[in-house]
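The next block holds one structure in the form of structure tokens; read it before the comments.
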Amino acid sequence: TFRTKNQNRHVGSMPDKKSTEGTVPSKNPAKNTPVKFLIWEHLSRTDVSTLFHISSRDDQGKLLASKLGINDKYANSDDELRRKALVELFMNVLRFCHKRSMNAEKLSTLMSIVLVTHEKMTESPLPSMRECFDGFKAMLLRHSVERPPFSIAVFHPADVKAIVHHMIEIMFRNHKLYQFVHGQTMELEISDEKKEEATKGNTEEQGVDSKKDEEEEIIAVGGEDEVIFWH
């Protein structure tokens with residue numbers, strides 16, 4: 001068994017989110033893109049601490065809806081049911097974290113992973129379940145292996161197994177449902193170009209015929225120099 005020097009690093013010593021991005025070294029400068037780590041991305045230490053000390057489920061849901069941007073996304077009264085459905089998803093994740101006695105770092109990171117996965121799942125055009133699940137696994141593994149600057153070990157292997165099983169049950173099995181509820185509404189309008197051209201042609205012919213009828217109603221009376229028009 002091989003261990004790196006930092007493998008036994010305590011997760012509680014993780015820096016704040018301002019320093020949770022690393023750059024993957026590459027011979028090609030264009031490929032030196034930052035690796036995004038989601039610890040403290042949406043929920044800070046203070047937010048998680050407050051969440052742990054709230055006993056009311058309603059107050060917990062309100063805090064999550066505020067900090068995760070759910071209230072801003074579904075601010076209209078018509079979106080209330082959609083907002084409640086999304087809040088319930090994160091309340092489910094919160095109960096899972098409490099059940100497994102996860103610390104603040106794990107809870108904050110998992111909440112962000114689920115939020116990003118949900119955003120990808122409901123974006124337009126709607127992706128397949130396989131695409132969403134592959135993206136979810138990639139983010140989870142990025143926070144499960146101590147290999148900086150490529151990945152960090154927030155979760156243990158047992159956590160990863162439990163998280164994957166739980167998210168399959170509550171999220172990916174309901175993939176189509178979340179897309180139906182939270183996906184963007186798109187309207188497809190189909191028109192027959194040939195029919196429109198024919199209709200346009202008929203309208204133009206009717207206009208010509210009408211003009212001819214008006215001209216026929218004009219009657220010239222008198223000599224060449226005196227013309228009286230009757231309509």
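Chain labels follow the order of the structure tokens: the first chain is A, the next B, and so on; residue numbering restarts at 1 in every chain, and ligands are counted from 1 in their shown order.
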With a cut-off of 9 Å, could you pull out the residues of stretch 31-60 of chain A touching stretch 107-125 of chain A and give me the nearest pair of atoms for each, distance in Å to one decimal, using only C-alpha atoms, ordered by chain and ascending number, as JSON lines?
{"residue": "A:Phe37", "atom": "CA", "partner": "A:Thr109", "partner_atom": "CA", "distance": 8.4}
{"residue": "A:Leu38", "atom": "CA", "partner": "A:Thr109", "partner_atom": "CA", "distance": 5.5}
{"residue": "A:Ile39", "atom": "CA", "partner": "A:Thr109", "partner_atom": "CA", "distance": 4.5}
{"residue": "A:Trp40", "atom": "CA", "partner": "A:Ser108", "partner_atom": "CA", "distance": 5.7}
{"residue": "A:Glu41", "atom": "CA", "partner": "A:Ser112", "partner_atom": "CA", "distance": 6.6}
{"residue": "A:His42", "atom": "CA", "partner": "A:Ser112", "partner_atom": "CA", "distance": 6.2}
{"residue": "A:Leu43", "atom": "CA", "partner": "A:Ser108", "partner_atom": "CA", "distance": 5.4}
{"residue": "A:Ser44", "atom": "CA", "partner": "A:Ser108", "partner_atom": "CA", "distance": 7.2}
{"residue": "A:Arg45", "atom": "CA", "partner": "A:Ser108", "partner_atom": "CA", "distance": 8.1}
{"residue": "A:Asp47", "atom": "CA", "partner": "A:Ser108", "partner_atom": "CA", "distance": 8.9}
{"residue": "A:Val48", "atom": "CA", "partner": "A:Ser108", "partner_atom": "CA", "distance": 7.0}
Mind dumping the selected residues with C-alpha atoms as a compact mmCIF listing (two decimals), in the first residue's frame?
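Okay, this is what ended up in result_23.txt:
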# COMPACT_ATOMS: atom_id res chain seq x y z
CA PHE A 37 -13.28 22.53 -6.02
CA LEU A 38 -16.72 23.01 -4.50
CA ILE A 39 -15.92 23.04 -0.79
CA TRP A 40 -17.46 26.18 0.76
CA GLU A 41 -18.69 27.17 -2.70
CA HIS A 42 -22.32 27.77 -1.70
CA LEU A 43 -22.43 27.09 2.05
CA SER A 44 -19.76 28.68 4.26
CA ARG A 45 -18.61 27.38 7.64
CA ASP A 47 -23.88 28.71 7.16
CA VAL A 48 -23.29 25.05 8.01
Which residues are close to A:Ile163, i.e. within 10 Å by only C-alpha atoms, leaving aside same-chain residues fewer than 5 positions away? Reply as a count of residues only.
10
